[in-house]
Amino acid sequence: MKNNIGWIIHLCANGNCDECGKREEGFLPYTCNAHTHGMEEYGHMDFQLVLKAHPAEIGRILNTFGLWVQSGRRFKAGDMVSGIFQDCNVRLDEFEETGRTVLRIIIPDDENRFPEDEECMEVYRLQLLETDELWRKDGTVS
(Lines give C-alpha, C1' and ligand atoms only; values in the text may rest on other atoms or scores of the structure.)
Protein backbone atom coordinates (compact mmCIF):
# COMPACT_ATOMS: atom_id res chain seq x y z
CA MET A 1 0.00 0.00 0.00
CA LYS A 2 1.38 3.42 -0.90
CA ASN A 3 0.11 6.75 0.33
CA ASN A 4 0.67 10.39 -0.62
CA ILE A 5 2.54 11.15 2.56
CA GLY A 6 5.94 9.57 2.00
CA TRP A 7 5.89 6.21 3.76
CA ILE A 8 4.74 2.84 2.57
CA ILE A 9 3.26 -0.14 4.34
CA HIS A 10 4.68 -3.54 3.50
CA LEU A 11 2.37 -6.43 4.49
CA CYS A 12 3.79 -9.97 4.41
CA ALA A 13 1.28 -12.67 5.32
CA ASN A 14 -0.07 -16.05 4.26
CA GLY A 15 -2.10 -15.97 1.06
CA ASN A 16 -1.68 -14.82 -2.52
CA CYS A 17 0.36 -11.71 -3.27
CA ASP A 18 -1.75 -9.05 -5.00
CA GLU A 19 1.31 -7.85 -6.94
CA CYS A 20 3.17 -10.99 -8.07
CA GLY A 21 0.52 -13.67 -7.53
CA LYS A 22 2.88 -15.94 -5.56
CA ARG A 23 1.38 -17.82 -2.63
CA GLU A 24 2.88 -17.57 0.89
CA GLU A 25 2.12 -20.22 3.51
CA GLY A 26 5.07 -19.96 5.91
CA PHE A 27 3.72 -17.56 8.54
CA LEU A 28 2.48 -18.96 11.82
CA PRO A 29 -1.31 -18.83 12.14
CA TYR A 30 -2.63 -15.41 13.21
CA THR A 31 0.65 -13.65 12.41
CA CYS A 32 2.04 -11.42 9.70
CA ASN A 33 4.86 -8.94 9.27
CA ALA A 34 3.30 -5.57 8.51
CA HIS A 35 5.65 -2.62 8.75
CA THR A 36 6.29 0.87 7.50
CA HIS A 37 9.19 2.19 5.44
CA GLY A 38 9.85 5.92 5.36
CA MET A 39 9.50 7.21 8.91
CA GLU A 40 13.17 8.22 8.73
CA GLU A 41 11.94 11.14 6.59
CA TYR A 42 10.45 12.42 9.87
CA GLY A 43 13.45 11.47 12.03
CA HIS A 44 11.60 8.52 13.55
CA MET A 45 11.78 4.73 13.69
CA ASP A 46 9.40 2.72 11.53
CA PHE A 47 6.50 0.74 13.00
CA GLN A 48 5.62 -2.95 12.87
CA LEU A 49 2.47 -4.97 13.55
CA VAL A 50 2.62 -8.79 13.70
CA LEU A 51 -0.88 -9.74 14.87
CA LYS A 52 -2.77 -10.51 11.65
CA ALA A 53 -5.88 -8.47 10.98
CA HIS A 54 -7.77 -7.36 7.90
CA PRO A 55 -5.41 -5.36 5.64
CA ALA A 56 -7.59 -2.25 6.01
CA GLU A 57 -7.28 -2.45 9.81
CA ILE A 58 -3.52 -2.93 9.59
CA GLY A 59 -3.36 0.10 7.31
CA ARG A 60 -5.49 2.16 9.69
CA ILE A 61 -3.24 1.37 12.66
CA LEU A 62 0.09 1.90 10.89
CA ASN A 63 -1.10 5.03 9.06
CA THR A 64 -2.44 6.50 12.30
CA PHE A 65 1.01 6.19 13.85
CA GLY A 66 2.55 7.63 10.69
CA LEU A 67 0.22 10.63 10.73
CA TRP A 68 0.95 11.20 14.41
CA VAL A 69 4.70 11.19 13.68
CA GLN A 70 4.21 13.50 10.72
CA SER A 71 2.37 15.94 13.01
CA GLY A 72 5.28 15.97 15.46
CA ARG A 73 4.53 13.23 17.99
CA ARG A 74 7.47 11.05 18.98
CA PHE A 75 7.33 7.52 20.32
CA LYS A 76 9.77 5.19 22.02
CA ALA A 77 9.86 1.65 23.35
CA GLY A 78 7.71 1.24 26.44
CA ASP A 79 5.19 3.93 25.51
CA MET A 80 1.55 3.10 26.23
CA VAL A 81 -0.47 4.76 23.49
CA SER A 82 -4.17 5.58 23.52
CA GLY A 83 -6.28 6.47 20.52
CA ILE A 84 -5.92 3.34 18.39
CA PHE A 85 -8.74 1.41 20.08
CA GLN A 86 -11.53 2.83 22.24
CA ASP A 87 -11.24 0.23 25.01
CA CYS A 88 -7.49 -0.21 25.49
CA ASN A 89 -4.03 1.22 25.02
CA VAL A 90 -1.37 -0.39 22.88
CA ARG A 91 2.30 -0.65 23.84
CA LEU A 92 5.39 -0.05 21.74
CA ASP A 93 8.37 -2.40 21.99
CA GLU A 94 11.63 -2.44 20.02
CA PHE A 95 12.18 -5.41 17.67
CA GLU A 96 14.45 -6.17 14.74
CA GLU A 97 12.87 -6.31 11.28
CA THR A 98 15.12 -7.10 8.29
CA GLY A 99 18.21 -5.67 9.96
CA ARG A 100 16.67 -2.52 11.41
CA THR A 101 15.10 -1.62 14.73
CA VAL A 102 11.38 -0.85 14.59
CA LEU A 103 8.69 -0.07 17.13
CA ARG A 104 6.32 -3.02 17.28
CA ILE A 105 2.73 -2.18 18.20
CA ILE A 106 1.67 -4.69 20.89
CA ILE A 107 -2.08 -5.18 21.22
CA PRO A 108 -3.57 -6.59 24.45
CA ASP A 109 -6.06 -9.47 24.36
CA ASP A 110 -9.82 -9.19 24.91
CA GLU A 111 -9.27 -8.83 28.67
CA ASN A 112 -6.62 -6.10 28.17
CA ARG A 113 -3.80 -8.48 29.11
CA PHE A 114 -0.46 -8.03 27.40
CA PRO A 115 1.51 -11.02 26.05
CA GLU A 116 3.88 -11.40 29.01
CA ASP A 117 0.87 -12.03 31.30
CA GLU A 118 0.54 -15.81 31.76
CA GLU A 119 -3.24 -15.49 31.37
CA CYS A 120 -3.00 -13.61 28.06
CA MET A 121 -4.67 -15.41 25.15
CA GLU A 122 -2.11 -17.54 23.29
CA VAL A 123 -2.65 -15.81 19.94
CA TYR A 124 -1.68 -12.46 21.45
CA ARG A 125 1.43 -14.00 23.04
CA LEU A 126 2.80 -14.57 19.52
CA GLN A 127 3.53 -10.82 19.42
CA LEU A 128 6.61 -11.45 21.59
CA LEU A 129 8.28 -13.66 18.97
CA GLU A 130 11.22 -12.24 17.07
CA THR A 131 10.34 -11.30 13.50
CA ASP A 132 12.22 -14.24 11.97
CA GLU A 133 10.39 -16.65 14.30
CA LEU A 134 7.00 -15.65 12.80
CA TRP A 135 7.80 -17.44 9.56
CA ARG A 136 8.42 -21.18 9.20
CA LYS A 137 8.89 -22.81 5.82
CA ASP A 138 6.74 -25.76 6.93
CA GLY A 139 4.32 -23.57 8.93
CA THR A 140 5.16 -25.18 12.29
CA VAL A 141 6.11 -23.57 15.59
CA SER A 142 9.53 -24.58 16.91
# chains A, B, ... in the order shown; residues from 1 in each chain; ligands from 1

$ residues_around --residues "stretch 93-100 of chain A" --least-positions-apart "6" --cutoff "9 Å" --atoms "only C-alpha atoms" --output "mmCIF file with N, CA and C atoms, in the first residue's frame"
data_model
loop_
_atom_site.group_PDB
_atom_site.id
_atom_site.type_symbol
_atom_site.label_atom_id
_atom_site.label_comp_id
_atom_site.auth_asym_id
_atom_site.auth_seq_id
_atom_site.Cartn_x
_atom_site.Cartn_y
_atom_site.Cartn_z
ATOM 1 N N ASN A 33 3.819 -9.933 9.044
ATOM 2 C CA ASN A 33 4.864 -8.941 9.269
ATOM 3 C C ASN A 33 4.456 -7.705 8.479
ATOM 4 N N HIS A 35 4.747 -3.656 8.249
ATOM 5 C CA HIS A 35 5.649 -2.617 8.752
ATOM 6 C C HIS A 35 5.698 -1.446 7.790
ATOM 7 N N ASP A 46 10.583 3.290 12.157
ATOM 8 C CA ASP A 46 9.400 2.722 11.528
ATOM 9 C C ASP A 46 8.627 1.881 12.530
ATOM 10 N N GLN A 48 5.918 -1.583 13.275
ATOM 11 C CA GLN A 48 5.623 -2.952 12.867
ATOM 12 C C GLN A 48 4.404 -3.459 13.629
ATOM 13 N N LYS A 76 8.606 6.003 21.663
ATOM 14 C CA LYS A 76 9.768 5.187 22.025
ATOM 15 C C LYS A 76 9.281 3.883 22.641
ATOM 16 N N ALA A 77 10.190 2.936 22.742
ATOM 17 C CA ALA A 77 9.862 1.647 23.353
ATOM 18 C C ALA A 77 9.346 1.872 24.769
ATOM 19 N N GLY A 78 8.308 1.143 25.119
ATOM 20 C CA GLY A 78 7.713 1.244 26.444
ATOM 21 C C GLY A 78 6.528 2.186 26.520
ATOM 22 N N ASP A 79 6.339 3.001 25.502
ATOM 23 C CA ASP A 79 5.193 3.927 25.511
ATOM 24 C C ASP A 79 3.883 3.152 25.475
ATOM 25 N N ILE A 106 2.143 -3.513 20.147
ATOM 26 C CA ILE A 106 1.672 -4.687 20.885
ATOM 27 C C ILE A 106 0.240 -4.425 21.338
ATOM 28 N N GLU A 130 10.383 -13.035 17.957
ATOM 29 C CA GLU A 130 11.224 -12.240 17.070
ATOM 30 C C GLU A 130 10.655 -12.331 15.657
ATOM 31 N N THR A 131 10.915 -11.345 14.842
ATOM 32 C CA THR A 131 10.345 -11.300 13.499
ATOM 33 C C THR A 131 10.645 -12.566 12.707
ATOM 34 N N ASP A 132 11.884 -13.054 12.759
ATOM 35 C CA ASP A 132 12.222 -14.240 11.968
ATOM 36 C C ASP A 132 11.606 -15.524 12.527
#

$ select_by_dssp --residues "stretch 24-58 of chain A" --states "strand (DSSP E or B)" --output "ChimeraX atom specification"
/A:24,27,31-37,47-51

$ residues_around --residues "A:Thr64" --least-positions-apart "5" --cutoff "10 Å" --atoms "only C-alpha atoms" --output "PyMOL selection string"
chain A and resi 58-59+69-70+83-84

$ select_by_dssp --residues "stretch 9-135 of chain A" --states "helix (DSSP H, G or I)" --output "ChimeraX atom specification"
/A:39-42,55-70,122-128,131-133

$ write_last_selection --atoms "N, CA and C atoms" --output "PDB file, in the first residue's frame"
ATOM      1  N   MET A  39       9.604   6.320   7.740  1.00  0.00           N
ATOM      2  CA  MET A  39       9.496   7.206   8.909  1.00  0.00           C
ATOM      3  C   MET A  39      10.788   7.985   9.144  1.00  0.00           C
ATOM      4  N   GLU A  40      11.904   7.492   8.571  1.00  0.00           N
ATOM      5  CA  GLU A  40      13.165   8.216   8.733  1.00  0.00           C
ATOM      6  C   GLU A  40      13.072   9.613   8.124  1.00  0.00           C
ATOM      7  N   GLU A  41      12.177   9.804   7.166  1.00  0.00           N
ATOM      8  CA  GLU A  41      11.942  11.138   6.591  1.00  0.00           C
ATOM      9  C   GLU A  41      11.514  12.122   7.683  1.00  0.00           C
ATOM     10  N   TYR A  42      10.937  11.601   8.752  1.00  0.00           N
ATOM     11  CA  TYR A  42      10.454  12.424   9.869  1.00  0.00           C
ATOM     12  C   TYR A  42      11.343  12.269  11.105  1.00  0.00           C
ATOM     13  N   PRO A  55      -6.363  -6.356   6.147  1.00  0.00           N
ATOM     14  CA  PRO A  55      -5.408  -5.359   5.640  1.00  0.00           C
ATOM     15  C   PRO A  55      -5.844  -3.909   5.862  1.00  0.00           C
ATOM     16  N   ALA A  56      -7.134  -3.627   5.768  1.00  0.00           N
ATOM     17  CA  ALA A  56      -7.593  -2.255   6.009  1.00  0.00           C
ATOM     18  C   ALA A  56      -7.353  -1.839   7.462  1.00  0.00           C
ATOM     19  N   GLU A  57      -7.525  -2.754   8.390  1.00  0.00           N
ATOM     20  CA  GLU A  57      -7.278  -2.446   9.809  1.00  0.00           C
ATOM     21  C   GLU A  57      -5.792  -2.255  10.064  1.00  0.00           C
ATOM     22  N   ILE A  58      -4.973  -3.102   9.462  1.00  0.00           N
ATOM     23  CA  ILE A  58      -3.519  -2.933   9.586  1.00  0.00           C
ATOM     24  C   ILE A  58      -3.120  -1.567   9.045  1.00  0.00           C
ATOM     25  N   GLY A  59      -3.655  -1.203   7.887  1.00  0.00           N
ATOM     26  CA  GLY A  59      -3.356   0.104   7.311  1.00  0.00           C
ATOM     27  C   GLY A  59      -3.805   1.243   8.196  1.00  0.00           C
ATOM     28  N   ARG A  60      -4.979   1.113   8.784  1.00  0.00           N
ATOM     29  CA  ARG A  60      -5.488   2.157   9.686  1.00  0.00           C
ATOM     30  C   ARG A  60      -4.543   2.371  10.860  1.00  0.00           C
ATOM     31  N   ILE A  61      -4.115   1.278  11.481  1.00  0.00           N
ATOM     32  CA  ILE A  61      -3.243   1.375  12.663  1.00  0.00           C
ATOM     33  C   ILE A  61      -1.891   1.975  12.286  1.00  0.00           C
ATOM     34  N   LEU A  62      -1.240   1.414  11.268  1.00  0.00           N
ATOM     35  CA  LEU A  62       0.092   1.905  10.893  1.00  0.00           C
ATOM     36  C   LEU A  62       0.032   3.334  10.356  1.00  0.00           C
ATOM     37  N   ASN A  63      -0.979   3.664   9.560  1.00  0.00           N
ATOM     38  CA  ASN A  63      -1.098   5.032   9.056  1.00  0.00           C
ATOM     39  C   ASN A  63      -1.418   6.029  10.159  1.00  0.00           C
ATOM     40  N   THR A  64      -2.178   5.606  11.168  1.00  0.00           N
ATOM     41  CA  THR A  64      -2.445   6.504  12.301  1.00  0.00           C
ATOM     42  C   THR A  64      -1.139   6.875  12.993  1.00  0.00           C
ATOM     43  N   PHE A  65      -0.298   5.871  13.247  1.00  0.00           N
ATOM     44  CA  PHE A  65       1.005   6.187  13.853  1.00  0.00           C
ATOM     45  C   PHE A  65       1.821   7.083  12.935  1.00  0.00           C
ATOM     46  N   GLY A  66       1.816   6.795  11.642  1.00  0.00           N
ATOM     47  CA  GLY A  66       2.547   7.628  10.695  1.00  0.00           C
ATOM     48  C   GLY A  66       2.075   9.070  10.695  1.00  0.00           C
ATOM     49  N   LEU A  67       0.771   9.265  10.706  1.00  0.00           N
ATOM     50  CA  LEU A  67       0.223  10.627  10.734  1.00  0.00           C
ATOM     51  C   LEU A  67       0.573  11.340  12.034  1.00  0.00           C
ATOM     52  N   TRP A  68       0.550  10.597  13.133  1.00  0.00           N
ATOM     53  CA  TRP A  68       0.953  11.203  14.412  1.00  0.00           C
ATOM     54  C   TRP A  68       2.408  11.663  14.358  1.00  0.00           C
ATOM     55  N   VAL A  69       3.283  10.818  13.806  1.00  0.00           N
ATOM     56  CA  VAL A  69       4.698  11.191  13.683  1.00  0.00           C
ATOM     57  C   VAL A  69       4.838  12.404  12.771  1.00  0.00           C
ATOM     58  N   GLN A  70       4.143  12.379  11.651  1.00  0.00           N
ATOM     59  CA  GLN A  70       4.209  13.501  10.723  1.00  0.00           C
ATOM     60  C   GLN A  70       3.792  14.814  11.391  1.00  0.00           C
ATOM     61  N   GLU A 122      -3.296 -17.034  23.985  1.00  0.00           N
ATOM     62  CA  GLU A 122      -2.106 -17.541  23.288  1.00  0.00           C
ATOM     63  C   GLU A 122      -1.823 -16.798  21.978  1.00  0.00           C
ATOM     64  N   VAL A 123      -2.845 -16.507  21.214  1.00  0.00           N
ATOM     65  CA  VAL A 123      -2.645 -15.807  19.938  1.00  0.00           C
ATOM     66  C   VAL A 123      -1.924 -14.479  20.157  1.00  0.00           C
ATOM     67  N   TYR A 124      -2.288 -13.757  21.178  1.00  0.00           N
ATOM     68  CA  TYR A 124      -1.680 -12.457  21.449  1.00  0.00           C
ATOM     69  C   TYR A 124      -0.244 -12.607  21.953  1.00  0.00           C
ATOM     70  N   ARG A 125       0.068 -13.749  22.548  1.00  0.00           N
ATOM     71  CA  ARG A 125       1.426 -13.996  23.037  1.00  0.00           C
ATOM     72  C   ARG A 125       2.420 -14.124  21.890  1.00  0.00           C
ATOM     73  N   LEU A 126       1.928 -14.453  20.698  1.00  0.00           N
ATOM     74  CA  LEU A 126       2.796 -14.565  19.523  1.00  0.00           C
ATOM     75  C   LEU A 126       3.476 -13.239  19.192  1.00  0.00           C
ATOM     76  N   GLN A 127       2.945 -12.139  19.689  1.00  0.00           N
ATOM     77  CA  GLN A 127       3.532 -10.822  19.420  1.00  0.00           C
ATOM     78  C   GLN A 127       4.910 -10.651  20.040  1.00  0.00           C
ATOM     79  N   LEU A 128       5.293 -11.542  20.964  1.00  0.00           N
ATOM     80  CA  LEU A 128       6.608 -11.453  21.595  1.00  0.00           C
ATOM     81  C   LEU A 128       7.683 -12.203  20.815  1.00  0.00           C
ATOM     82  N   THR A 131      10.915 -11.345  14.842  1.00  0.00           N
ATOM     83  CA  THR A 131      10.345 -11.300  13.499  1.00  0.00           C
ATOM     84  C   THR A 131      10.645 -12.566  12.707  1.00  0.00           C
ATOM     85  N   ASP A 132      11.884 -13.054  12.759  1.00  0.00           N
ATOM     86  CA  ASP A 132      12.222 -14.240  11.968  1.00  0.00           C
ATOM     87  C   ASP A 132      11.606 -15.524  12.527  1.00  0.00           C
ATOM     88  N   GLU A 133      11.068 -15.485  13.734  1.00  0.00           N
ATOM     89  CA  GLU A 133      10.386 -16.651  14.302  1.00  0.00           C
ATOM     90  C   GLU A 133       8.914 -16.724  13.883  1.00  0.00           C
TER      91      GLU A 133
END

$ decode --residues "stretch 87-116 of chain A" --atoms "N, CA and C atoms" --output "mmCIF file, in the first residue's frame"
data_model
loop_
_atom_site.group_PDB
_atom_site.id
_atom_site.type_symbol
_atom_site.label_atom_id
_atom_site.label_comp_id
_atom_site.auth_asym_id
_atom_site.auth_seq_id
_atom_site.Cartn_x
_atom_site.Cartn_y
_atom_site.Cartn_z
ATOM 1 N N ASP A 87 -11.176 0.905 23.717
ATOM 2 C CA ASP A 87 -11.239 0.226 25.010
ATOM 3 C C ASP A 87 -9.893 -0.174 25.601
ATOM 4 N N CYS A 88 -8.793 0.179 24.941
ATOM 5 C CA CYS A 88 -7.486 -0.211 25.486
ATOM 6 C C CYS A 88 -6.379 0.619 24.871
ATOM 7 N N ASN A 89 -5.254 0.641 25.547
ATOM 8 C CA ASN A 89 -4.029 1.220 25.022
ATOM 9 C C ASN A 89 -3.250 0.132 24.310
ATOM 10 N N VAL A 90 -2.338 0.536 23.446
ATOM 11 C CA VAL A 90 -1.365 -0.385 22.877
ATOM 12 C C VAL A 90 -0.004 0.011 23.425
ATOM 13 N N ARG A 91 0.940 -0.915 23.332
ATOM 14 C CA ARG A 91 2.295 -0.650 23.839
ATOM 15 C C ARG A 91 3.278 -0.750 22.682
ATOM 16 N N LEU A 92 4.335 0.010 22.748
ATOM 17 C CA LEU A 92 5.385 -0.049 21.742
ATOM 18 C C LEU A 92 6.624 -0.715 22.322
ATOM 19 N N ASP A 93 7.150 -1.702 21.601
ATOM 20 C CA ASP A 93 8.373 -2.405 21.985
ATOM 21 C C ASP A 93 9.336 -2.383 20.803
ATOM 22 N N GLU A 94 10.633 -2.383 21.086
ATOM 23 C CA GLU A 94 11.630 -2.444 20.015
ATOM 24 C C GLU A 94 11.859 -3.885 19.591
ATOM 25 N N PHE A 95 11.873 -4.106 18.271
ATOM 26 C CA PHE A 95 12.181 -5.408 17.674
ATOM 27 C C PHE A 95 13.019 -5.169 16.433
ATOM 28 N N GLU A 96 13.698 -6.220 15.989
ATOM 29 C CA GLU A 96 14.448 -6.175 14.736
ATOM 30 C C GLU A 96 13.541 -6.628 13.604
ATOM 31 N N GLU A 97 13.621 -5.947 12.477
ATOM 32 C CA GLU A 97 12.868 -6.310 11.278
ATOM 33 C C GLU A 97 13.791 -6.069 10.085
ATOM 34 N N THR A 98 14.180 -7.142 9.425
ATOM 35 C CA THR A 98 15.115 -7.099 8.285
ATOM 36 C C THR A 98 16.300 -6.168 8.539
ATOM 37 N N GLY A 99 16.975 -6.385 9.662
ATOM 38 C CA GLY A 99 18.206 -5.671 9.964
ATOM 39 C C GLY A 99 18.052 -4.270 10.502
ATOM 40 N N ARG A 100 16.876 -3.867 10.848
ATOM 41 C CA ARG A 100 16.671 -2.520 11.406
ATOM 42 C C ARG A 100 15.802 -2.634 12.645
ATOM 43 N N THR A 101 15.911 -1.646 13.510
ATOM 44 C CA THR A 101 15.101 -1.622 14.726
ATOM 45 C C THR A 101 13.820 -0.846 14.436
ATOM 46 N N VAL A 102 12.692 -1.461 14.787
ATOM 47 C CA VAL A 102 11.376 -0.846 14.592
ATOM 48 C C VAL A 102 10.626 -0.846 15.919
ATOM 49 N N LEU A 103 9.578 -0.053 15.973
ATOM 50 C CA LEU A 103 8.691 -0.066 17.127
ATOM 51 C C LEU A 103 7.505 -0.961 16.799
ATOM 52 N N ARG A 104 7.435 -2.091 17.488
ATOM 53 C CA ARG A 104 6.321 -3.019 17.280
ATOM 54 C C ARG A 104 5.144 -2.586 18.128
ATOM 55 N N ILE A 105 3.979 -2.540 17.523
ATOM 56 C CA ILE A 105 2.734 -2.182 18.201
ATOM 57 C C ILE A 105 2.179 -3.462 18.814
ATOM 58 N N ILE A 106 2.143 -3.513 20.147
ATOM 59 C CA ILE A 106 1.672 -4.687 20.885
ATOM 60 C C ILE A 106 0.240 -4.425 21.338
ATOM 61 N N ILE A 107 -0.652 -5.314 20.922
ATOM 62 C CA ILE A 107 -2.080 -5.176 21.216
ATOM 63 C C ILE A 107 -2.451 -6.140 22.342
ATOM 64 N N PRO A 108 -3.141 -5.670 23.379
ATOM 65 C CA PRO A 108 -3.568 -6.586 24.450
ATOM 66 C C PRO A 108 -4.731 -7.465 23.982
ATOM 67 N N ASP A 109 -4.958 -8.565 24.711
ATOM 68 C CA ASP A 109 -6.056 -9.473 24.357
ATOM 69 C C ASP A 109 -7.407 -8.876 24.773
ATOM 70 N N ASP A 110 -8.459 -9.663 24.633
ATOM 71 C CA ASP A 110 -9.822 -9.190 24.910
ATOM 72 C C ASP A 110 -10.046 -8.755 26.355
ATOM 73 N N GLU A 111 -9.188 -9.213 27.260
ATOM 74 C CA GLU A 111 -9.271 -8.830 28.674
ATOM 75 C C GLU A 111 -8.230 -7.770 29.028
ATOM 76 N N ASN A 112 -7.658 -7.122 28.004
ATOM 77 C CA ASN A 112 -6.616 -6.098 28.171
ATOM 78 C C ASN A 112 -5.359 -6.620 28.847
ATOM 79 N N ARG A 113 -5.040 -7.891 28.595
ATOM 80 C CA ARG A 113 -3.801 -8.484 29.115
ATOM 81 C C ARG A 113 -2.753 -8.474 28.006
ATOM 82 N N PHE A 114 -1.555 -8.049 28.356
ATOM 83 C CA PHE A 114 -0.456 -8.031 27.397
ATOM 84 C C PHE A 114 0.224 -9.398 27.357
ATOM 85 N N PRO A 115 0.981 -9.672 26.286
ATOM 86 C CA PRO A 115 1.511 -11.018 26.050
ATOM 87 C C PRO A 115 2.365 -11.627 27.158
ATOM 88 N N GLU A 116 3.031 -10.827 27.947
ATOM 89 C CA GLU A 116 3.877 -11.399 29.009
ATOM 90 C C GLU A 116 3.051 -11.898 30.199
#
